[in-house]
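S.K.: My questions will all concern the structure given below.
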Amino acid sequence: MRTFISYLIVVFPCFIVSSLQAEVTTDVSKIQEICNQAIESRLKIKQWHVKLDCVNSGLHAESRPITYSFYVDGKRKRDDNVFPSSDGTLTEQFHIQNDEYYFSYQKIDGKIDPTLALYQVENKSRYAPKAAFILDFRAFGFSPYGFGVHDDPIRRTLGNIGAGKRVKTVTMQDDVLNKLMCKRITITLIDSGVITFWLAEDCGYAPIRYETQNSTEGFDASTTVELARYKATDIWVPVHMVEKYNPGIPGQEHQTEYTTTVYSINEPIDAKWFSPESLGLPPGTPVVMAAEKPPFGTPVWDGKKTVSEGEMLLEQATNRRVSGYRYGLFAAGLALISLALLLKYFEAGRKEG
């Protein structure tokens, strides 16, 4: 009897899983309905502060990792990139977009170089970047190039299942991943590529794993994205991604691995992070500005905003003058108090005499 029970414990789960996997659906409309819910689960993410650590190995591997930090709160966006340059220095680049302007600046080896210009472009200017390279965390890993700068990679991959020119077949079947009931959607491409999603049923069909594989004539490329539940919510976020590329030429293989640190999701981000003031730029830092009404004269950063160099010098002179007045008033007040005490002392002396 005990042997029979042990047999059931081993065999029954396998029977269940095999039964689940046998239920294959090719009805594109049903698959699309599930995929639409998956899209909505990604678009629940409205704000994010995350960091990505990137390590390359193989061809053109860098000796130091690359780090990306992203802050997104509505239309306000910021990314900080830290990467080794070819000359061995460590470069930090900052791109900030708030309600009015787009800013760009960089540091070298952790130091602010006051000779480097702060680039400031008015959002409505024709020189403003049309699509600033700021990660849309919702689409991270779902793009063929890993990064998604907007949610289009999600919509392109899941938003029109079976309609792409490269799509050969689309199937959906039940599966279990990380003890979660999932819909596993497999997209087979005409060029031998395969895309696979695992969508968790109890989490609003949130994607919890994503894989791509393309192997043909010695060429091999793959992407694996692992997601994890964010705190006690039904939101899943990418935590690890590996991209592998092998063109079939010895010595040309390489791999890129991303590890994600999530600081906050759907929480307001302090407005200070969307201003160059947070970079600690010294007053007088030159500004290259594109705006409809730029300041008259040479634009510089005064520590809080962009002004003309003449305005900054005038403000500094005014502050010194005000400080001088304040010092003079303080000294005069101190002298009057001293005089009053001295008079009081002499008055007391006369009364005693």
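Residue numbering restarts at 1 in every chain; chains get A, B, ... in the order shown in the structure tokens, and ligands count up from 1 in that same order.
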Would you please extract all alpha helix (DSSP H) residues from range 45-247 of chain A, as assigned by DSSP on the backbone, and give them as an MDAnalysis selection string?

M.R.: chainID A and resid 152:158

S.K.: I'd like the neighbourhood of Phe219 in chain A as a PDB file with C-alpha atoms, in the first residue's frame, where a residue qualifies if any of its atoms comes within 10 Å (using only C-alpha atoms), though same-chain residues fewer than 5 positions away should be ignored.

M.R.:
```
ATOM      1  CA  ASN A 214      16.799  31.981 -33.345  1.00  0.00           C
ATOM      2  CA  TYR A 245      24.822  35.867 -29.689  1.00  0.00           C
ATOM      3  CA  ASN A 246      26.870  33.428 -31.732  1.00  0.00           C
ATOM      4  CA  PRO A 247      27.321  34.295 -35.420  1.00  0.00           C
ATOM      5  CA  GLY A 248      28.996  30.945 -36.103  1.00  0.00           C
ATOM      6  CA  ILE A 249      32.460  32.487 -36.327  1.00  0.00           C
TER       7      ILE A 249
END
```

S.K.: Give me, as a list in words, all polymer residues having an atom no more than 8 Å from Leu189 in chain A, counting only C-alpha atoms and skipping those fewer than 4 positions away in the same chain.

M.R.: Arg166, Val167, Lys168, Thr169, Gly193 and Val194 of chain A

S.K.: Using only C-alpha atoms, what does the table of range 53-112 of chain A residues within 8 Å of range 265-270 of chain A look like, with each row giving the shortest atom pair and its distance in Å to one decimal, sorted by chain and ascending number, as JSON lines?

M.R.:
```
{"residue": "A:Tyr71", "atom": "CA", "partner": "A:Ile269", "partner_atom": "CA", "distance": 7.6}
{"residue": "A:Val72", "atom": "CA", "partner": "A:Ile269", "partner_atom": "CA", "distance": 7.8}
{"residue": "A:Asp73", "atom": "CA", "partner": "A:Ile269", "partner_atom": "CA", "distance": 6.4}
```

S.K.: Please provide as JSON, numbers by chain all residues within 7 Å of Thr171 in chain A, with the sequence filter that same-chain residues fewer than 4 positions apart are discarded (counting only C-alpha atoms).

M.R.: {"A": [24, 25, 26, 185, 186, 187]}

S.K.: So that I can see what lies close to range 103-115 of chain A, please list as a list in words the residues with an atom at most 6 Å from it, counting only C-alpha atoms and leaving out residues fewer than 4 positions away in the same chain.

M.R.: Thr89, Leu90, Thr91, Glu92, Gln93, Phe94, His95, Ile96, Tyr119, Gln120 and Thr285 of chain A

S.K.: Write the residues of the preceding selection, restricted to N, CA and C atoms, as a short mmCIF file (atom, residue, chain, number, x, y, z; two decimals), in the first residue's frame.

M.R.:
```cif
data_model
loop_
_atom_site.label_atom_id
_atom_site.label_comp_id
_atom_site.auth_asym_id
_atom_site.auth_seq_id
_atom_site.Cartn_x
_atom_site.Cartn_y
_atom_site.Cartn_z
N THR A 89 38.89 56.02 -18.80
CA THR A 89 38.17 56.86 -17.86
C THR A 89 36.75 56.34 -17.69
N LEU A 90 36.13 56.76 -16.59
CA LEU A 90 34.75 56.36 -16.31
C LEU A 90 33.85 57.56 -16.60
N THR A 91 32.93 57.38 -17.51
CA THR A 91 32.06 58.47 -17.93
C THR A 91 30.66 58.27 -17.36
N GLU A 92 30.10 59.35 -16.84
CA GLU A 92 28.71 59.34 -16.38
C GLU A 92 27.92 60.31 -17.24
N GLN A 93 26.88 59.84 -17.86
CA GLN A 93 26.02 60.69 -18.67
C GLN A 93 24.65 60.81 -18.02
N PHE A 94 24.10 62.01 -18.06
CA PHE A 94 22.81 62.30 -17.44
C PHE A 94 21.88 62.89 -18.50
N HIS A 95 20.69 62.33 -18.60
CA HIS A 95 19.66 62.86 -19.50
C HIS A 95 18.40 63.07 -18.68
N ILE A 96 17.91 64.29 -18.66
CA ILE A 96 16.76 64.65 -17.83
C ILE A 96 15.72 65.34 -18.69
N TYR A 119 23.63 70.84 -21.77
CA TYR A 119 22.77 71.03 -22.92
C TYR A 119 21.33 71.13 -22.44
N GLN A 120 20.67 72.21 -22.85
CA GLN A 120 19.29 72.46 -22.42
C GLN A 120 18.45 72.78 -23.64
N THR A 285 28.66 77.19 -14.88
CA THR A 285 28.77 76.12 -15.87
C THR A 285 28.12 76.58 -17.18
#
```

S.K.: For Glu309 in chain A, which residue out of A:Ala290, A:Gly284, A:Ile208, A:Leu135 is the nearest one, using only C-alpha atoms?

M.R.: A:Gly284

S.K.: What's the separation between CA of Ser222 in chain A and CA of Lys46 in chain A, in Å to one decimal place?

M.R.: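 Computing it gives 28.8 Å between the two atoms.
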
S.K.: Quick one: residues within 12 Å of Glu33 in chain A, only C-alpha atoms counted, chain neighbours fewer than 3 positions away excluded, as a list in words?

M.R.: Asp27, Val28, Ser29, Lys30, Asn36, Gln37, Ala38, Ile39, Glu40, Leu158, Gly159, Asn160, Ile161, Met172, Lys183, Gly204 and Tyr205 of chain A

S.K.: Please report, as a PDB file with N, CA and C atoms, in the first residue's frame, each residue of range 97-232 of chain A to which DSSP assigns strand (DSSP E) when run on this structure's backbone.

M.R.:
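Listed below is the output, states_26.pdb:
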```pdb
ATOM      1  N   GLN A  97      14.477  64.941 -18.526  1.00  0.00           N
ATOM      2  CA  GLN A  97      13.382  65.595 -19.235  1.00  0.00           C
ATOM      3  C   GLN A  97      12.278  65.904 -18.232  1.00  0.00           C
ATOM      4  N   TYR A 101      11.887  71.239 -20.252  1.00  0.00           N
ATOM      5  CA  TYR A 101      13.163  71.121 -20.935  1.00  0.00           C
ATOM      6  C   TYR A 101      13.706  69.693 -20.944  1.00  0.00           C
ATOM      7  N   TYR A 102      14.625  69.479 -21.885  1.00  0.00           N
ATOM      8  CA  TYR A 102      15.438  68.270 -21.921  1.00  0.00           C
ATOM      9  C   TYR A 102      16.879  68.699 -21.644  1.00  0.00           C
ATOM     10  N   PHE A 103      17.550  68.027 -20.700  1.00  0.00           N
ATOM     11  CA  PHE A 103      18.908  68.371 -20.313  1.00  0.00           C
ATOM     12  C   PHE A 103      19.834  67.185 -20.564  1.00  0.00           C
ATOM     13  N   SER A 104      21.096  67.497 -20.841  1.00  0.00           N
ATOM     14  CA  SER A 104      22.111  66.466 -21.006  1.00  0.00           C
ATOM     15  C   SER A 104      23.432  66.983 -20.452  1.00  0.00           C
ATOM     16  N   TYR A 105      24.108  66.133 -19.683  1.00  0.00           N
ATOM     17  CA  TYR A 105      25.390  66.530 -19.094  1.00  0.00           C
ATOM     18  C   TYR A 105      26.195  65.260 -18.817  1.00  0.00           C
ATOM     19  N   GLN A 106      27.494  65.396 -18.618  1.00  0.00           N
ATOM     20  CA  GLN A 106      28.298  64.232 -18.272  1.00  0.00           C
ATOM     21  C   GLN A 106      29.411  64.597 -17.290  1.00  0.00           C
ATOM     22  N   LYS A 107      29.812  63.611 -16.496  1.00  0.00           N
ATOM     23  CA  LYS A 107      30.950  63.724 -15.585  1.00  0.00           C
ATOM     24  C   LYS A 107      32.045  62.783 -16.064  1.00  0.00           C
ATOM     25  N   ILE A 108      33.272  63.081 -15.688  1.00  0.00           N
ATOM     26  CA  ILE A 108      34.407  62.229 -16.008  1.00  0.00           C
ATOM     27  C   ILE A 108      35.057  61.781 -14.708  1.00  0.00           C
ATOM     28  N   LEU A 118      26.353  72.162 -20.151  1.00  0.00           N
ATOM     29  CA  LEU A 118      25.045  71.576 -19.918  1.00  0.00           C
ATOM     30  C   LEU A 118      24.189  71.875 -21.135  1.00  0.00           C
ATOM     31  N   TYR A 119      23.634  70.838 -21.765  1.00  0.00           N
ATOM     32  CA  TYR A 119      22.769  71.033 -22.923  1.00  0.00           C
ATOM     33  C   TYR A 119      21.325  71.134 -22.441  1.00  0.00           C
ATOM     34  N   GLN A 120      20.666  72.209 -22.848  1.00  0.00           N
ATOM     35  CA  GLN A 120      19.292  72.459 -22.417  1.00  0.00           C
ATOM     36  C   GLN A 120      18.449  72.776 -23.644  1.00  0.00           C
ATOM     37  N   VAL A 121      17.450  71.944 -23.891  1.00  0.00           N
ATOM     38  CA  VAL A 121      16.610  72.096 -25.081  1.00  0.00           C
ATOM     39  C   VAL A 121      15.155  72.191 -24.648  1.00  0.00           C
ATOM     40  N   GLU A 122      14.476  73.209 -25.106  1.00  0.00           N
ATOM     41  CA  GLU A 122      13.061  73.372 -24.794  1.00  0.00           C
ATOM     42  C   GLU A 122      12.269  72.255 -25.458  1.00  0.00           C
ATOM     43  N   VAL A 167       5.428  35.748 -38.882  1.00  0.00           N
ATOM     44  CA  VAL A 167       4.797  34.733 -38.035  1.00  0.00           C
ATOM     45  C   VAL A 167       4.363  33.528 -38.863  1.00  0.00           C
ATOM     46  N   LYS A 168       4.758  32.365 -38.412  1.00  0.00           N
ATOM     47  CA  LYS A 168       4.367  31.116 -39.067  1.00  0.00           C
ATOM     48  C   LYS A 168       3.201  30.466 -38.344  1.00  0.00           C
ATOM     49  N   THR A 169       3.346  30.224 -37.038  1.00  0.00           N
ATOM     50  CA  THR A 169       2.260  29.638 -36.241  1.00  0.00           C
ATOM     51  C   THR A 169       2.245  30.271 -34.855  1.00  0.00           C
ATOM     52  N   VAL A 170       1.068  30.230 -34.216  1.00  0.00           N
ATOM     53  CA  VAL A 170       0.913  30.686 -32.837  1.00  0.00           C
ATOM     54  C   VAL A 170       0.106  29.633 -32.091  1.00  0.00           C
ATOM     55  N   THR A 171       0.610  29.218 -30.940  1.00  0.00           N
ATOM     56  CA  THR A 171      -0.111  28.241 -30.124  1.00  0.00           C
ATOM     57  C   THR A 171      -0.149  28.699 -28.678  1.00  0.00           C
ATOM     58  N   MET A 172      -1.146  28.208 -27.946  1.00  0.00           N
ATOM     59  CA  MET A 172      -1.266  28.489 -26.517  1.00  0.00           C
ATOM     60  C   MET A 172      -1.643  27.209 -25.793  1.00  0.00           C
ATOM     61  N   GLN A 173      -0.992  26.942 -24.670  1.00  0.00           N
ATOM     62  CA  GLN A 173      -1.325  25.764 -23.893  1.00  0.00           C
ATOM     63  C   GLN A 173      -1.085  26.031 -22.411  1.00  0.00           C
ATOM     64  N   ASP A 174      -1.747  25.262 -21.566  1.00  0.00           N
ATOM     65  CA  ASP A 174      -1.572  25.394 -20.125  1.00  0.00           C
ATOM     66  C   ASP A 174      -0.212  24.846 -19.721  1.00  0.00           C
ATOM     67  N   ASP A 175       0.367  25.490 -18.720  1.00  0.00           N
ATOM     68  CA  ASP A 175       1.670  25.065 -18.226  1.00  0.00           C
ATOM     69  C   ASP A 175       1.797  25.503 -16.778  1.00  0.00           C
ATOM     70  N   VAL A 176       2.785  24.986 -16.083  1.00  0.00           N
ATOM     71  CA  VAL A 176       3.083  25.378 -14.703  1.00  0.00           C
ATOM     72  C   VAL A 176       4.516  25.877 -14.660  1.00  0.00           C
ATOM     73  N   LEU A 177       4.701  27.092 -14.140  1.00  0.00           N
ATOM     74  CA  LEU A 177       6.040  27.655 -13.993  1.00  0.00           C
ATOM     75  C   LEU A 177       6.138  28.312 -12.626  1.00  0.00           C
ATOM     76  N   LEU A 180       3.087  28.271 -10.556  1.00  0.00           N
ATOM     77  CA  LEU A 180       1.970  29.112 -10.988  1.00  0.00           C
ATOM     78  C   LEU A 180       1.355  28.534 -12.259  1.00  0.00           C
ATOM     79  N   MET A 181       0.024  28.521 -12.299  1.00  0.00           N
ATOM     80  CA  MET A 181      -0.670  28.117 -13.518  1.00  0.00           C
ATOM     81  C   MET A 181      -0.482  29.215 -14.563  1.00  0.00           C
ATOM     82  N   CYS A 182      -0.040  28.823 -15.739  1.00  0.00           N
ATOM     83  CA  CYS A 182       0.275  29.787 -16.785  1.00  0.00           C
ATOM     84  C   CYS A 182      -0.341  29.384 -18.114  1.00  0.00           C
ATOM     85  N   LYS A 183      -0.458  30.383 -18.970  1.00  0.00           N
ATOM     86  CA  LYS A 183      -0.706  30.146 -20.380  1.00  0.00           C
ATOM     87  C   LYS A 183       0.643  30.337 -21.083  1.00  0.00           C
ATOM     88  N   ARG A 184       1.102  29.288 -21.725  1.00  0.00           N
ATOM     89  CA  ARG A 184       2.360  29.386 -22.456  1.00  0.00           C
ATOM     90  C   ARG A 184       2.046  29.625 -23.925  1.00  0.00           C
ATOM     91  N   ILE A 185       2.481  30.784 -24.408  1.00  0.00           N
ATOM     92  CA  ILE A 185       2.209  31.171 -25.795  1.00  0.00           C
ATOM     93  C   ILE A 185       3.508  31.067 -26.585  1.00  0.00           C
ATOM     94  N   THR A 186       3.447  30.327 -27.671  1.00  0.00           N
ATOM     95  CA  THR A 186       4.629  30.093 -28.502  1.00  0.00           C
ATOM     96  C   THR A 186       4.372  30.640 -29.898  1.00  0.00           C
ATOM     97  N   ILE A 187       5.249  31.537 -30.329  1.00  0.00           N
ATOM     98  CA  ILE A 187       5.164  32.124 -31.662  1.00  0.00           C
ATOM     99  C   ILE A 187       6.342  31.594 -32.478  1.00  0.00           C
ATOM    100  N   THR A 188       6.044  30.858 -33.532  1.00  0.00           N
ATOM    101  CA  THR A 188       7.086  30.333 -34.411  1.00  0.00           C
ATOM    102  C   THR A 188       7.170  31.210 -35.647  1.00  0.00           C
ATOM    103  N   LEU A 189       8.383  31.652 -35.961  1.00  0.00           N
ATOM    104  CA  LEU A 189       8.598  32.557 -37.086  1.00  0.00           C
ATOM    105  C   LEU A 189       9.057  31.765 -38.312  1.00  0.00           C
ATOM    106  N   GLY A 193      12.900  31.323 -36.021  1.00  0.00           N
ATOM    107  CA  GLY A 193      12.881  31.914 -34.691  1.00  0.00           C
ATOM    108  C   GLY A 193      11.657  31.478 -33.903  1.00  0.00           C
ATOM    109  N   VAL A 194      11.803  31.432 -32.570  1.00  0.00           N
ATOM    110  CA  VAL A 194      10.707  31.045 -31.683  1.00  0.00           C
ATOM    111  C   VAL A 194      10.651  32.036 -30.523  1.00  0.00           C
ATOM    112  N   ILE A 195       9.457  32.556 -30.232  1.00  0.00           N
ATOM    113  CA  ILE A 195       9.231  33.459 -29.097  1.00  0.00           C
ATOM    114  C   ILE A 195       8.250  32.773 -28.157  1.00  0.00           C
ATOM    115  N   THR A 196       8.577  32.740 -26.875  1.00  0.00           N
ATOM    116  CA  THR A 196       7.712  32.065 -25.907  1.00  0.00           C
ATOM    117  C   THR A 196       7.455  32.967 -24.710  1.00  0.00           C
ATOM    118  N   PHE A 197       6.165  33.079 -24.335  1.00  0.00           N
ATOM    119  CA  PHE A 197       5.747  33.818 -23.147  1.00  0.00           C
ATOM    120  C   PHE A 197       5.096  32.859 -22.158  1.00  0.00           C
ATOM    121  N   TRP A 198       5.312  33.098 -20.875  1.00  0.00           N
ATOM    122  CA  TRP A 198       4.543  32.442 -19.828  1.00  0.00           C
ATOM    123  C   TRP A 198       3.729  33.520 -19.122  1.00  0.00           C
ATOM    124  N   LEU A 199       2.396  33.427 -19.181  1.00  0.00           N
ATOM    125  CA  LEU A 199       1.489  34.418 -18.618  1.00  0.00           C
ATOM    126  C   LEU A 199       0.763  33.799 -17.439  1.00  0.00           C
ATOM    127  N   ALA A 200       0.935  34.374 -16.241  1.00  0.00           N
ATOM    128  CA  ALA A 200       0.372  33.799 -15.009  1.00  0.00           C
ATOM    129  C   ALA A 200      -1.108  34.129 -14.896  1.00  0.00           C
ATOM    130  N   ALA A 206      -0.080  38.313 -16.192  1.00  0.00           N
ATOM    131  CA  ALA A 206       1.180  39.047 -16.256  1.00  0.00           C
ATOM    132  C   ALA A 206       2.267  38.142 -16.821  1.00  0.00           C
ATOM    133  N   PRO A 207       3.109  38.650 -17.730  1.00  0.00           N
ATOM    134  CA  PRO A 207       4.246  37.846 -18.198  1.00  0.00           C
ATOM    135  C   PRO A 207       5.222  37.599 -17.037  1.00  0.00           C
ATOM    136  N   ILE A 208       5.587  36.337 -16.809  1.00  0.00           N
ATOM    137  CA  ILE A 208       6.541  36.031 -15.749  1.00  0.00           C
ATOM    138  C   ILE A 208       7.831  35.420 -16.317  1.00  0.00           C
ATOM    139  N   ARG A 209       7.830  35.138 -17.614  1.00  0.00           N
ATOM    140  CA  ARG A 209       9.050  34.695 -18.290  1.00  0.00           C
ATOM    141  C   ARG A 209       8.873  34.909 -19.787  1.00  0.00           C
ATOM    142  N   TYR A 210      10.004  35.210 -20.426  1.00  0.00           N
ATOM    143  CA  TYR A 210       9.972  35.501 -21.857  1.00  0.00           C
ATOM    144  C   TYR A 210      11.258  34.958 -22.473  1.00  0.00           C
ATOM    145  N   GLU A 211      11.142  34.234 -23.572  1.00  0.00           N
ATOM    146  CA  GLU A 211      12.313  33.664 -24.226  1.00  0.00           C
ATOM    147  C   GLU A 211      12.220  33.864 -25.738  1.00  0.00           C
ATOM    148  N   THR A 212      13.368  34.099 -26.349  1.00  0.00           N
ATOM    149  CA  THR A 212      13.455  34.074 -27.808  1.00  0.00           C
ATOM    150  C   THR A 212      14.612  33.170 -28.197  1.00  0.00           C
ATOM    151  N   GLN A 213      14.465  32.508 -29.313  1.00  0.00           N
ATOM    152  CA  GLN A 213      15.517  31.623 -29.809  1.00  0.00           C
ATOM    153  C   GLN A 213      15.520  31.685 -31.319  1.00  0.00           C
ATOM    154  N   ASN A 214      16.687  31.936 -31.891  1.00  0.00           N
ATOM    155  CA  ASN A 214      16.799  31.981 -33.345  1.00  0.00           C
ATOM    156  C   ASN A 214      18.070  31.249 -33.753  1.00  0.00           C
ATOM    157  N   SER A 215      17.914  30.124 -34.395  1.00  0.00           N
ATOM    158  CA  SER A 215      19.057  29.315 -34.825  1.00  0.00           C
ATOM    159  C   SER A 215      18.873  28.939 -36.289  1.00  0.00           C
ATOM    160  N   THR A 216      19.824  29.345 -37.105  1.00  0.00           N
ATOM    161  CA  THR A 216      19.746  29.010 -38.526  1.00  0.00           C
ATOM    162  C   THR A 216      21.127  29.124 -39.159  1.00  0.00           C
ATOM    163  N   PHE A 219      24.107  30.336 -37.225  1.00  0.00           N
ATOM    164  CA  PHE A 219      23.835  31.537 -36.419  1.00  0.00           C
ATOM    165  C   PHE A 219      22.926  31.161 -35.260  1.00  0.00           C
ATOM    166  N   ASP A 220      23.242  31.680 -34.093  1.00  0.00           N
ATOM    167  CA  ASP A 220      22.420  31.357 -32.918  1.00  0.00           C
ATOM    168  C   ASP A 220      22.311  32.594 -32.025  1.00  0.00           C
ATOM    169  N   ALA A 221      21.093  32.979 -31.693  1.00  0.00           N
ATOM    170  CA  ALA A 221      20.858  34.118 -30.804  1.00  0.00           C
ATOM    171  C   ALA A 221      19.692  33.790 -29.895  1.00  0.00           C
ATOM    172  N   SER A 222      19.792  34.219 -28.657  1.00  0.00           N
ATOM    173  CA  SER A 222      18.710  33.930 -27.711  1.00  0.00           C
ATOM    174  C   SER A 222      18.611  35.034 -26.672  1.00  0.00           C
ATOM    175  N   THR A 223      17.411  35.187 -26.127  1.00  0.00           N
ATOM    176  CA  THR A 223      17.147  36.126 -25.042  1.00  0.00           C
ATOM    177  C   THR A 223      16.279  35.417 -24.011  1.00  0.00           C
ATOM    178  N   THR A 224      16.635  35.551 -22.751  1.00  0.00           N
ATOM    179  CA  THR A 224      15.831  34.998 -21.664  1.00  0.00           C
ATOM    180  C   THR A 224      15.577  36.096 -20.645  1.00  0.00           C
ATOM    181  N   VAL A 225      14.315  36.373 -20.352  1.00  0.00           N
ATOM    182  CA  VAL A 225      13.934  37.403 -19.381  1.00  0.00           C
ATOM    183  C   VAL A 225      13.157  36.745 -18.247  1.00  0.00           C
ATOM    184  N   GLU A 226      13.641  36.930 -17.037  1.00  0.00           N
ATOM    185  CA  GLU A 226      12.951  36.408 -15.859  1.00  0.00           C
ATOM    186  C   GLU A 226      12.320  37.574 -15.102  1.00  0.00           C
ATOM    187  N   LEU A 227      11.078  37.394 -14.689  1.00  0.00           N
ATOM    188  CA  LEU A 227      10.355  38.428 -13.953  1.00  0.00           C
ATOM    189  C   LEU A 227      10.016  37.921 -12.566  1.00  0.00           C
ATOM    190  N   ALA A 228       9.786  38.846 -11.630  1.00  0.00           N
ATOM    191  CA  ALA A 228       9.424  38.489 -10.258  1.00  0.00           C
ATOM    192  C   ALA A 228       8.324  39.420  -9.779  1.00  0.00           C
ATOM    193  N   ARG A 229       7.513  38.912  -8.862  1.00  0.00           N
ATOM    194  CA  ARG A 229       6.417  39.715  -8.317  1.00  0.00           C
ATOM    195  C   ARG A 229       6.981  40.882  -7.517  1.00  0.00           C
TER     196      ARG A 229
END
```

S.K.: In Å to one decimal, how far is CA of Thr157 in chain A from CA of Glu23 in chain A?

M.R.: 22.8 Å

S.K.: What lies within 9 Å of Val287 in chain A using only C-alpha atoms, ignoring chain neighbours under 6 positions off, as a list in words?

M.R.: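 So the residues in contact are Leu116, Ala117, Leu118, Tyr119, Gln120, Thr298, Pro299, Val300, Trp301 and Thr306 of chain A.
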
S.K.: Just C-alpha atoms for this one: save the residues we selected as a PDB file, in the first residue's frame.

M.R.:
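Output below, filename again_16.pdb:
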```pdb
ATOM      1  CA  LEU A 116      31.721  70.790 -20.009  1.00  0.00           C
ATOM      2  CA  ALA A 117      28.506  72.371 -21.202  1.00  0.00           C
ATOM      3  CA  LEU A 118      25.045  71.576 -19.918  1.00  0.00           C
ATOM      4  CA  TYR A 119      22.769  71.033 -22.923  1.00  0.00           C
ATOM      5  CA  GLN A 120      19.292  72.459 -22.417  1.00  0.00           C
ATOM      6  CA  THR A 298      25.934  83.927 -22.768  1.00  0.00           C
ATOM      7  CA  PRO A 299      23.747  81.375 -20.906  1.00  0.00           C
ATOM      8  CA  VAL A 300      25.206  79.809 -17.763  1.00  0.00           C
ATOM      9  CA  TRP A 301      23.915  77.721 -14.883  1.00  0.00           C
ATOM     10  CA  THR A 306      19.848  78.980 -16.526  1.00  0.00           C
TER      11      THR A 306
END
```

S.K.: So what do you get for CA of Glu100 in chain A versus CA of Pro282 in chain A, distance-wise?

M.R.: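 Calculated distance between CA of Glu100 in chain A and CA of Pro282 in chain A is 21.8 Å.
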
S.K.: Counting only C-alpha atoms, which of A:Thr67, A:Asn56, A:Ser264, A:Ser86 gets nearest to Tyr230 in chain A?

M.R.: A:Ser264

S.K.: Restricting the calculation to only C-alpha atoms, which member of A:Lys272, A:His240, A:Arg155, A:Lys305 is positioned closest to Gln32 in chain A?

M.R.: A:Arg155
